[in-house]
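Since the structure comes first, as structure tokens, the remarks are kept for the end.
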There are 2 protein chains.
Amino acid sequence: MNATVTGFVGLPVISSAERLEQFIRMSDFDHPTLVVDSSAIVGQYHALKSGLGRAKIHYAVKANPEREIVRKLAAEGCGFDAASRAEIELCLSQGAAPEDISFGNTIKRPRDIAFAYQAGIALFAADAEEELHKLAEHAPGAKVYIRVVVENTEADWPLSRKFGCAPEKVLSLLGMVRDLGLVPHGLSFHVGSQTREPVMWTGVLDQVAAVWRDAQAAGFDLQLLNIGGGFPADYGQGEVPHSTYAAEVMRMVEARFDNVPVIMAEPGRGLVAEAGMIAAEVLLVSKKSDTDTYRWVYLDIGKFSGLAETMDEAIRYQFITDRDHEMTGPCVLAGPSCDSADVLYEKRPVQLPVGLCAGDRLIIRACGAYTSTYSSVGFNGFPPLDVVVI
Amino acid sequence: MNATVTGFVGLPVISSAERLEQFIRMSDFDHPTLVVDSSAIVGQYHALKSGLGRAKIHYAVKANPEREIVRKLAAEGCGFDAASRAEIELCLSQGAAPEDISFGNTIKRPRDIAFAYQAGIALFAADAEEELHKLAEHAPGAKVYIRVVVENTEADWPLSRKFGCAPEKVLSLLGMVRDLGLVPHGLSFHVGSQTREPVMWTGVLDQVAAVWRDAQAAGFDLQLLNIGGGFPADYGQGEVPHSTYAAEVMRMVEARFDNVPVIMAEPGRGLVAEAGMIAAEVLLVSKKSDTDTYRWVYLDIGKFSGLAETMDEAIRYQFITDRDHEMTGPCVLAGPSCDSADVLYEKRPVQLPVGLCAGDRLIIRACGAYTSTYSSVGFNGFPPLDVVVI
């Protein structure tokens, strides 16, 4: 997070990261709390937009559906990718126009399709015959883009085969779209979340470009290429600047797809992750045995209260403590619940100050995406993650 | 679930499973809903109690904290194991006496210890020095049991090393308990959740019995042996009857521990899992490619909306459909969210009727434990799992 934002009155201009850290240090939280800098998200939006050029951004609302984030992005002209009826309602309530909202979930309830259609949403994703029948019945005449499953193994949070149909099935689905009275509008794909280098898009773009050409050759006048998400956040590994990354991806897209009328991108993590930090607390530091070389550090937040993306230790968060000047040693990091699966990092322990102890504050960086809504409704009696937008 | 319960007026007496299934079939749910038969839980409590004999049952509230479950168990004289302040408040509000509540989380917030102590809770778990200092400060004179980490690899949901100290550390912690003015009251351990056969307790009980004898030899007059949970639920694999299982465990305990004044057990899953079924709906059935041998079946409930225990495909749920008379075929089962990790069973596909399609009702058996509170607060805009107690 290098965006410089307006400082507090009377203070010099500071970075968003400094602003978040300062806010957390000046505050007293009873529970783990996510603090989000909404102006940094707006800055990030413009950075991505400058790199993406003519591509239209649809923010993947699921990454962080805080009302103020949606409201500010809508005011900037950002579009939205919604996963459910509730997300569509949220976007509409915060000023988004229906034509700027796509219903991107390929697994929709029929009554939610009907709701979206009545609300004016005109763009829907699908990857299967049954879904097309639902759309034909509840959203007659709607524009449909077919999601293609791609081979992608280079992302930090790789996608399963859950979404999309095989490339060889696309033409028959597009034909079915047309035969059902819907509009075969385009294609979508996803390179995988947190795809760290633009070059990792190469193979995926080649696969989708081949499908696109086949569809054109078969007489489908496709209008939309939805390049999905995958734009990475900086979790301390020193990523490429967002605008540079986006520009490089667009260069690769334009080189492979001739004259695509509309290009759309759905950043989620890449837009909001760096704009949030979690204020947490150390509850316990212990050694299981006096001869153990590593300590166990237990926080008041864990896998079931916001840090679900530590599953399989996929996302490696960065930590700030008041003892960062001290020597460090290896720690297993765990959450506060009575659930033995609530361990954040064990295979690859984290380095934390040797003097860390119960009661110490711990700040977790780049937590703006996939934290607040992942948290459980009340497992072990712990409340969901608090969120404060500054 | 073989307990026979009182049927509806005018109907013959039916089993709890039949009653749940009938209730679900007669109802129309807008969202995935867990239906719990509280009288079956009371029946299960008495089955376990008859097997456990003199051992006092403390229900592990985290398994399912529905108010009515807690209220009914409290009325039967059941004790409670609480993981947090909120769970203690819940138990007290539903009629539990403070002396029947233990604060079993080894990772407690100091202010929650103080609250519990003020509320009259007198029994606390610990496994580390820092925790004992917190207890000495905020719960002076309280009874403390030390949790021992044991080698246990035979459970379906095995526990990590997250809880407990190594056996060789127990005596020094017990000494510290005494030196801090607390009461060195006993030991606890956990064999691992869903330990399917009583014989699987053997090695663990041998380990803890050795520690118990060492503590006695060192002059500690221990009063309490807390044998934890691990009592299995029937997920369709045909478990030993609950009372038989419990009696066999108690026989093994008594054979290894001489004259323990108080024995305590903390069933969670074993008490409530079988007494609940989830009403769900099929949203989509598809093949990724026409040549695939298996189908993808997408439900309106997934890993983030109640079925978290499918993590690593650990708990294998059983399903009921209206087409169970049809031929079956292998399916990958997935949830409704736009998250590629929201796949329930893929490595070991499930067999489901070949005619299954969008809109079909699907009932998930034995879902009374670790479902409702595991569900996310609103990931993808989906509401938490609804719960109905009958």
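Identifiers in the structure tokens: chain A, B, ... in order shown; residue index from 1 per chain; ligand index from 1 in order shown.
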Quick one: superpose chain B onto chain A using all C-alpha atoms paired in order, least squares, and give it to me as a short mmCIF file (atom, residue, chain, number, x, y, z; two decimals) with C-alpha atoms, in the first residue's frame.
```cif
data_model
loop_
_atom_site.label_atom_id
_atom_site.label_comp_id
_atom_site.auth_asym_id
_atom_site.auth_seq_id
_atom_site.Cartn_x
_atom_site.Cartn_y
_atom_site.Cartn_z
CA MET B 1 -0.01 -0.02 -0.04
CA ASN B 2 1.85 2.99 -1.31
CA ALA B 3 -1.05 5.31 -2.02
CA THR B 4 -0.64 8.63 -0.25
CA VAL B 5 -3.84 9.94 1.24
CA THR B 6 -4.95 13.06 3.00
CA GLY B 7 -3.75 13.05 6.58
CA PHE B 8 -5.67 14.07 9.68
CA VAL B 9 -6.03 17.82 10.08
CA GLY B 10 -2.81 19.31 11.32
CA LEU B 11 -0.78 16.20 10.60
CA PRO B 12 1.49 15.68 7.63
CA VAL B 13 0.16 13.64 4.75
CA ILE B 14 0.67 9.96 5.50
CA SER B 15 0.28 6.71 3.59
CA SER B 16 -2.83 4.59 3.93
CA ALA B 17 -0.88 1.90 5.78
CA GLU B 18 0.39 4.46 8.27
CA ARG B 19 -3.10 5.87 8.65
CA LEU B 20 -4.57 2.43 9.39
CA GLU B 21 -1.83 1.54 11.83
CA GLN B 22 -2.16 4.90 13.57
CA PHE B 23 -5.93 4.54 13.87
CA ILE B 24 -5.56 1.08 15.39
CA ARG B 25 -2.90 2.20 17.85
CA MET B 26 -5.07 5.09 19.01
CA SER B 27 -8.13 2.87 19.49
CA ASP B 28 -9.25 0.35 22.07
CA PHE B 29 -11.09 -2.63 20.61
CA ASP B 30 -13.04 -5.13 22.67
CA HIS B 31 -12.99 -7.71 19.88
CA PRO B 32 -10.87 -8.35 16.80
CA THR B 33 -11.69 -5.56 14.39
CA LEU B 34 -11.06 -5.01 10.71
CA VAL B 35 -10.27 -1.38 9.96
CA VAL B 36 -10.72 -0.41 6.31
CA ASP B 37 -9.50 2.75 4.61
CA SER B 38 -12.15 3.44 2.00
CA SER B 39 -10.23 6.26 0.35
CA ALA B 40 -7.36 3.84 -0.27
CA ILE B 41 -9.83 1.57 -2.07
CA VAL B 42 -10.86 4.45 -4.29
CA GLY B 43 -7.17 5.06 -4.97
CA GLN B 44 -6.67 1.42 -5.79
CA TYR B 45 -9.68 1.50 -8.12
CA HIS B 46 -8.11 4.32 -10.10
CA ALA B 47 -4.72 2.58 -10.18
CA LEU B 48 -6.29 -0.56 -11.59
CA LYS B 49 -8.46 1.49 -13.96
CA SER B 50 -5.46 3.32 -15.35
CA GLY B 51 -3.82 0.00 -16.13
CA LEU B 52 -6.93 -1.74 -17.43
CA GLY B 53 -7.64 1.04 -19.92
CA ARG B 54 -10.83 0.33 -21.81
CA ALA B 55 -11.78 -2.67 -19.66
CA LYS B 56 -14.78 -2.02 -17.43
CA ILE B 57 -14.23 -2.90 -13.75
CA HIS B 58 -16.92 -4.90 -11.93
CA TYR B 59 -15.86 -5.11 -8.28
CA ALA B 60 -16.34 -8.65 -6.91
CA VAL B 61 -18.52 -7.62 -3.98
CA LYS B 62 -17.95 -10.88 -2.09
CA ALA B 63 -14.38 -9.79 -1.31
CA ASN B 64 -15.75 -7.17 1.09
CA PRO B 65 -19.39 -6.07 1.02
CA GLU B 66 -19.11 -3.17 3.46
CA ARG B 67 -21.75 -0.64 2.45
CA GLU B 68 -19.40 2.29 2.39
CA ILE B 69 -16.97 0.52 0.07
CA VAL B 70 -19.78 -0.24 -2.36
CA ARG B 71 -21.17 3.29 -2.08
CA LYS B 72 -17.83 4.95 -2.76
CA LEU B 73 -17.01 2.68 -5.69
CA ALA B 74 -20.47 3.23 -7.18
CA ALA B 75 -19.92 6.97 -6.94
CA GLU B 76 -16.68 6.54 -8.93
CA GLY B 77 -18.55 4.75 -11.71
CA CYS B 78 -17.34 1.27 -10.83
CA GLY B 79 -19.49 -1.72 -11.83
CA PHE B 80 -20.23 -4.72 -9.61
CA ASP B 81 -20.11 -8.48 -9.86
CA ALA B 82 -22.71 -9.99 -7.52
CA ALA B 83 -22.83 -13.54 -6.16
CA SER B 84 -26.35 -13.48 -4.77
CA ARG B 85 -29.60 -11.57 -4.47
CA ALA B 86 -28.39 -9.98 -1.24
CA GLU B 87 -25.33 -8.59 -2.98
CA ILE B 88 -27.47 -7.19 -5.80
CA GLU B 89 -29.74 -5.51 -3.26
CA LEU B 90 -26.70 -4.09 -1.51
CA CYS B 91 -25.31 -2.60 -4.73
CA LEU B 92 -28.64 -1.10 -5.74
CA SER B 93 -29.12 0.38 -2.27
CA GLN B 94 -25.72 2.06 -2.46
CA GLY B 95 -26.39 3.77 -5.76
CA ALA B 96 -25.24 1.30 -8.42
CA ALA B 97 -27.29 1.25 -11.62
CA PRO B 98 -28.70 -2.17 -12.56
CA GLU B 99 -26.90 -2.06 -15.91
CA ASP B 100 -23.59 -1.86 -14.01
CA ILE B 101 -24.26 -5.07 -12.07
CA SER B 102 -23.57 -8.56 -13.38
CA PHE B 103 -24.90 -11.70 -11.71
CA GLY B 104 -21.70 -13.71 -11.93
CA ASN B 105 -22.52 -16.79 -9.86
CA THR B 106 -23.03 -19.78 -12.16
CA ILE B 107 -25.17 -21.45 -9.46
CA LYS B 108 -28.26 -19.32 -8.99
CA ARG B 109 -31.58 -19.89 -7.29
CA PRO B 110 -34.44 -19.50 -9.80
CA ARG B 111 -36.20 -16.97 -7.54
CA ASP B 112 -33.02 -14.92 -7.33
CA ILE B 113 -32.72 -14.87 -11.12
CA ALA B 114 -36.30 -13.62 -11.30
CA PHE B 115 -35.57 -10.94 -8.72
CA ALA B 116 -32.45 -9.78 -10.55
CA TYR B 117 -34.24 -9.65 -13.87
CA GLN B 118 -37.11 -7.63 -12.40
CA ALA B 119 -34.55 -5.27 -10.85
CA GLY B 120 -33.08 -4.60 -14.27
CA ILE B 121 -29.96 -6.78 -14.17
CA ALA B 122 -29.30 -7.87 -17.73
CA LEU B 123 -26.03 -9.78 -17.61
CA PHE B 124 -25.75 -13.33 -16.25
CA ALA B 125 -23.07 -16.03 -16.04
CA ALA B 126 -23.71 -19.70 -16.80
CA ASP B 127 -21.74 -22.87 -17.41
CA ALA B 128 -24.39 -25.60 -17.72
CA GLU B 129 -27.61 -26.55 -19.49
CA GLU B 130 -29.82 -26.49 -16.40
CA GLU B 131 -28.69 -22.98 -15.60
CA LEU B 132 -29.63 -21.83 -19.11
CA HIS B 133 -33.11 -23.29 -18.69
CA LYS B 134 -33.49 -21.35 -15.43
CA LEU B 135 -32.34 -18.16 -17.15
CA ALA B 136 -34.66 -18.66 -20.13
CA GLU B 137 -37.60 -19.06 -17.78
CA HIS B 138 -36.84 -16.29 -15.30
CA ALA B 139 -34.76 -13.80 -17.31
CA PRO B 140 -36.03 -14.10 -20.89
CA GLY B 141 -33.85 -12.33 -23.42
CA ALA B 142 -31.01 -11.72 -20.98
CA LYS B 143 -27.39 -11.51 -22.04
CA VAL B 144 -25.44 -14.59 -21.03
CA TYR B 145 -21.71 -15.19 -20.88
CA ILE B 146 -20.37 -18.71 -20.68
CA ARG B 147 -17.68 -19.42 -18.14
CA VAL B 148 -14.88 -21.65 -19.39
CA VAL B 149 -12.85 -23.81 -17.04
CA VAL B 150 -9.15 -23.35 -17.65
CA GLU B 151 -6.03 -25.14 -16.51
CA ASN B 152 -4.46 -22.87 -13.96
CA THR B 153 -1.91 -23.94 -11.44
CA GLU B 154 0.09 -20.79 -10.85
CA ALA B 155 -2.17 -18.88 -8.47
CA ASP B 156 -1.63 -18.75 -4.69
CA TRP B 157 -5.29 -19.65 -4.14
CA PRO B 158 -5.83 -21.86 -7.20
CA LEU B 159 -9.37 -22.53 -8.31
CA SER B 160 -10.83 -25.98 -8.48
CA ARG B 161 -12.83 -27.16 -11.46
CA LYS B 162 -15.94 -25.99 -9.64
CA PHE B 163 -16.80 -23.20 -12.10
CA GLY B 164 -16.92 -23.31 -15.87
CA CYS B 165 -17.45 -25.88 -18.57
CA ALA B 166 -14.75 -27.58 -20.60
CA PRO B 167 -13.67 -25.59 -23.69
CA GLU B 168 -15.12 -28.25 -26.02
CA LYS B 169 -18.56 -27.70 -24.53
CA VAL B 170 -18.75 -23.94 -25.05
CA LEU B 171 -20.14 -23.96 -28.59
CA SER B 172 -23.03 -26.26 -27.72
CA LEU B 173 -23.90 -24.08 -24.72
CA LEU B 174 -23.74 -20.90 -26.82
CA GLY B 175 -26.07 -22.57 -29.32
CA MET B 176 -28.43 -23.45 -26.54
CA VAL B 177 -28.35 -19.86 -25.24
CA ARG B 178 -29.48 -18.69 -28.70
CA ASP B 179 -32.08 -21.43 -29.09
CA LEU B 180 -33.63 -20.55 -25.71
CA GLY B 181 -34.12 -16.93 -26.76
CA LEU B 182 -31.26 -15.60 -24.68
CA VAL B 183 -28.35 -13.57 -26.01
CA PRO B 184 -25.00 -15.40 -26.45
CA HIS B 185 -23.06 -12.40 -25.25
CA GLY B 186 -19.54 -13.57 -24.42
CA LEU B 187 -17.09 -15.67 -22.48
CA SER B 188 -15.55 -15.50 -19.03
CA PHE B 189 -12.78 -17.29 -17.19
CA HIS B 190 -10.72 -16.92 -14.03
CA VAL B 191 -6.95 -17.33 -13.81
CA GLY B 192 -7.09 -18.10 -10.09
CA SER B 193 -7.04 -15.82 -7.12
CA GLN B 194 -3.79 -14.05 -6.25
CA THR B 195 -2.03 -14.74 -9.58
CA ARG B 196 1.17 -12.97 -8.71
CA GLU B 197 2.80 -12.31 -12.10
CA PRO B 198 1.18 -11.14 -15.33
CA VAL B 199 3.15 -13.81 -17.22
CA MET B 200 1.13 -16.45 -15.36
CA TRP B 201 -1.88 -15.39 -17.47
CA THR B 202 -0.24 -16.58 -20.71
CA GLY B 203 -1.44 -20.17 -20.89
CA VAL B 204 -4.95 -19.32 -19.72
CA LEU B 205 -5.35 -16.49 -22.24
CA ASP B 206 -4.15 -18.80 -25.04
CA GLN B 207 -6.77 -21.39 -24.09
CA VAL B 208 -9.62 -18.89 -23.98
CA ALA B 209 -8.53 -17.15 -27.19
CA ALA B 210 -8.80 -20.48 -29.02
CA VAL B 211 -12.36 -20.91 -27.75
CA TRP B 212 -13.20 -17.32 -28.72
CA ARG B 213 -11.99 -17.93 -32.30
CA ASP B 214 -13.96 -21.17 -32.53
CA ALA B 215 -17.10 -19.33 -31.42
CA GLN B 216 -16.55 -16.60 -34.00
CA ALA B 217 -15.95 -19.19 -36.69
CA ALA B 218 -19.22 -20.86 -35.69
CA GLY B 219 -21.04 -17.57 -36.31
CA PHE B 220 -21.48 -16.28 -32.77
CA ASP B 221 -21.09 -12.51 -32.69
CA LEU B 222 -19.62 -12.35 -29.18
CA GLN B 223 -19.49 -8.91 -27.58
CA LEU B 224 -17.98 -9.47 -24.15
CA LEU B 225 -14.75 -10.92 -22.82
CA ASN B 226 -14.85 -11.12 -19.03
CA ILE B 227 -11.30 -11.68 -17.80
CA GLY B 228 -12.43 -12.25 -14.19
CA GLY B 229 -10.23 -11.57 -11.20
CA GLY B 230 -6.87 -12.86 -10.04
CA PHE B 231 -5.30 -9.41 -9.55
CA PRO B 232 -2.95 -9.90 -6.62
CA ALA B 233 -2.66 -8.07 -3.34
CA ASP B 234 0.66 -7.42 -1.69
CA TYR B 235 1.02 -9.81 1.24
CA GLY B 236 4.58 -8.70 1.78
CA GLN B 237 6.12 -10.46 -1.17
CA GLY B 238 6.64 -7.28 -3.14
CA GLU B 239 4.18 -7.50 -6.01
CA VAL B 240 4.27 -5.61 -9.30
CA PRO B 241 2.49 -2.21 -8.95
CA HIS B 242 -1.23 -2.60 -9.63
CA SER B 243 -1.44 -0.33 -12.65
CA THR B 244 1.61 -1.94 -14.25
CA TYR B 245 0.22 -5.41 -13.63
CA ALA B 246 -3.17 -4.51 -15.07
CA ALA B 247 -1.62 -2.82 -18.11
CA GLU B 248 0.53 -5.86 -18.82
CA VAL B 249 -2.48 -8.19 -18.58
CA MET B 250 -4.43 -5.94 -20.96
CA ARG B 251 -1.53 -5.92 -23.40
CA MET B 252 -1.56 -9.71 -23.39
CA VAL B 253 -5.35 -9.79 -23.83
CA GLU B 254 -5.40 -7.34 -26.75
CA ALA B 255 -2.60 -9.30 -28.46
CA ARG B 256 -4.69 -12.46 -28.39
CA PHE B 257 -8.25 -11.25 -28.98
CA ASP B 258 -9.00 -9.18 -32.10
CA ASN B 259 -11.54 -6.42 -31.84
CA VAL B 260 -13.40 -7.53 -28.71
CA PRO B 261 -16.11 -4.89 -28.31
CA VAL B 262 -16.29 -5.01 -24.50
CA ILE B 263 -13.73 -6.22 -21.97
CA MET B 264 -14.65 -6.57 -18.33
CA ALA B 265 -12.57 -7.39 -15.23
CA GLU B 266 -13.69 -8.45 -11.78
CA PRO B 267 -11.04 -7.59 -9.21
CA GLY B 268 -11.95 -8.29 -5.59
CA ARG B 269 -8.86 -9.01 -3.52
CA GLY B 270 -6.72 -6.75 -5.75
CA LEU B 271 -9.00 -3.82 -5.00
CA VAL B 272 -9.58 -4.09 -1.26
CA ALA B 273 -7.11 -6.44 0.48
CA GLU B 274 -4.35 -3.91 1.10
CA ALA B 275 -6.77 -1.28 2.36
CA GLY B 276 -7.58 -3.15 5.58
CA MET B 277 -5.77 -4.18 8.74
CA ILE B 278 -7.07 -6.26 11.61
CA ALA B 279 -6.50 -5.22 15.20
CA ALA B 280 -5.99 -8.40 17.20
CA GLU B 281 -4.63 -9.42 20.59
CA VAL B 282 -2.34 -12.15 21.83
CA LEU B 283 -4.23 -14.35 24.31
CA LEU B 284 -1.54 -16.84 25.20
CA VAL B 285 2.06 -17.76 24.43
CA SER B 286 3.25 -21.17 25.55
CA LYS B 287 5.50 -24.11 24.94
CA LYS B 288 3.96 -27.55 24.92
CA SER B 289 7.14 -28.90 26.43
CA ASP B 290 10.20 -27.20 27.85
CA THR B 291 12.33 -28.81 25.16
CA ASP B 292 10.26 -27.54 22.22
CA THR B 293 12.12 -25.17 19.92
CA TYR B 294 9.03 -23.25 18.92
CA ARG B 295 6.29 -21.49 20.81
CA TRP B 296 2.53 -21.60 20.31
CA VAL B 297 0.98 -18.15 19.98
CA TYR B 298 -2.79 -17.95 20.37
CA LEU B 299 -4.66 -14.92 19.06
CA ASP B 300 -8.18 -13.67 19.71
CA ILE B 301 -8.90 -14.20 15.99
CA GLY B 302 -8.66 -17.45 14.07
CA LYS B 303 -9.77 -19.50 11.12
CA PHE B 304 -13.44 -19.31 12.10
CA SER B 305 -13.53 -15.63 12.99
CA GLY B 306 -12.08 -14.00 9.90
CA LEU B 307 -8.87 -15.70 8.83
CA ALA B 308 -10.43 -18.52 6.79
CA GLU B 309 -7.96 -17.98 3.98
CA THR B 310 -5.21 -19.48 6.13
CA MET B 311 -6.82 -22.78 5.11
CA ASP B 312 -3.95 -25.02 3.98
CA GLU B 313 -1.78 -22.00 4.89
CA ALA B 314 -2.65 -20.52 1.48
CA ILE B 315 -2.61 -16.82 2.31
CA ARG B 316 0.39 -15.79 4.44
CA TYR B 317 -0.53 -12.68 6.40
CA GLN B 318 2.05 -10.24 7.74
CA PHE B 319 2.07 -9.11 11.35
CA ILE B 320 3.03 -5.95 13.22
CA THR B 321 3.70 -5.96 16.97
CA ASP B 322 5.05 -3.42 19.45
CA ARG B 323 8.16 -5.57 19.83
CA ASP B 324 9.26 -5.65 16.21
CA HIS B 325 12.67 -4.35 17.29
CA GLU B 326 13.28 -7.56 19.31
CA MET B 327 14.82 -10.81 18.16
CA THR B 328 12.30 -13.20 16.62
CA GLY B 329 11.74 -16.92 16.89
CA PRO B 330 9.50 -19.48 15.16
CA CYS B 331 5.88 -19.76 16.34
CA VAL B 332 2.89 -21.89 15.53
CA LEU B 333 -0.01 -19.46 15.26
CA ALA B 334 -3.51 -20.48 16.33
CA GLY B 335 -6.97 -19.05 16.95
CA PRO B 336 -8.96 -18.78 20.17
CA SER B 337 -11.63 -21.41 19.59
CA CYS B 338 -11.85 -24.85 21.17
CA ASP B 339 -11.42 -26.36 17.72
CA SER B 340 -8.19 -28.11 16.98
CA ALA B 341 -8.50 -27.23 13.29
CA ASP B 342 -8.31 -23.57 14.27
CA VAL B 343 -4.57 -23.37 13.65
CA LEU B 344 -3.37 -20.69 11.23
CA TYR B 345 0.25 -21.56 10.49
CA GLU B 346 1.96 -24.74 11.63
CA LYS B 347 3.68 -26.36 8.65
CA ARG B 348 5.49 -23.12 7.99
CA PRO B 349 5.76 -21.38 11.38
CA VAL B 350 5.88 -17.59 11.56
CA GLN B 351 8.69 -15.53 13.03
CA LEU B 352 7.52 -13.38 15.94
CA PRO B 353 9.34 -11.45 18.68
CA VAL B 354 10.68 -13.61 21.48
CA GLY B 355 9.15 -11.34 24.13
CA LEU B 356 5.61 -11.58 22.77
CA CYS B 357 3.12 -12.33 25.55
CA ALA B 358 -0.56 -12.40 26.47
CA GLY B 359 -2.15 -8.98 26.21
CA ASP B 360 0.11 -7.74 23.41
CA ARG B 361 -1.55 -6.05 20.47
CA LEU B 362 -0.96 -7.61 17.07
CA ILE B 363 -1.86 -5.93 13.80
CA ILE B 364 -2.47 -8.06 10.71
CA ARG B 365 -1.72 -6.35 7.40
CA ALA B 366 -3.61 -6.57 4.11
CA CYS B 367 -6.78 -8.08 5.54
CA GLY B 368 -9.34 -6.08 3.58
CA ALA B 369 -10.48 -9.02 1.44
CA TYR B 370 -12.19 -12.27 2.35
CA THR B 371 -12.14 -11.78 6.11
CA SER B 372 -15.25 -10.11 7.55
CA THR B 373 -17.90 -12.17 5.77
CA TYR B 374 -15.96 -15.43 6.08
CA SER B 375 -16.20 -15.19 9.85
CA SER B 376 -18.61 -17.55 11.55
CA VAL B 377 -21.87 -16.28 12.96
CA GLY B 378 -20.92 -17.32 16.48
CA PHE B 379 -18.75 -20.41 16.71
CA ASN B 380 -17.70 -21.03 20.34
CA GLY B 381 -19.79 -18.00 21.25
CA PHE B 382 -17.33 -15.61 19.58
CA PRO B 383 -19.01 -12.75 17.69
CA PRO B 384 -18.28 -12.13 14.00
CA LEU B 385 -15.39 -9.86 13.09
CA ASP B 386 -16.13 -6.19 13.75
CA VAL B 387 -15.57 -3.79 10.85
CA VAL B 388 -14.77 -0.08 11.03
CA VAL B 389 -14.45 1.98 7.84
CA ILE B 390 -12.31 5.11 8.10
#
```
Inset, instruction - From range 151-352 of chain B, collect each residue whose DSSP state is strand (DSSP E) and return the set as a count of residues only. - result: 49
Legend entry - DSSP-assigned helix (DSSP H, G or I) among range 150-263 of chain A, expressed as a ChimeraX atom specification: /A:167-179,198-217,242-256
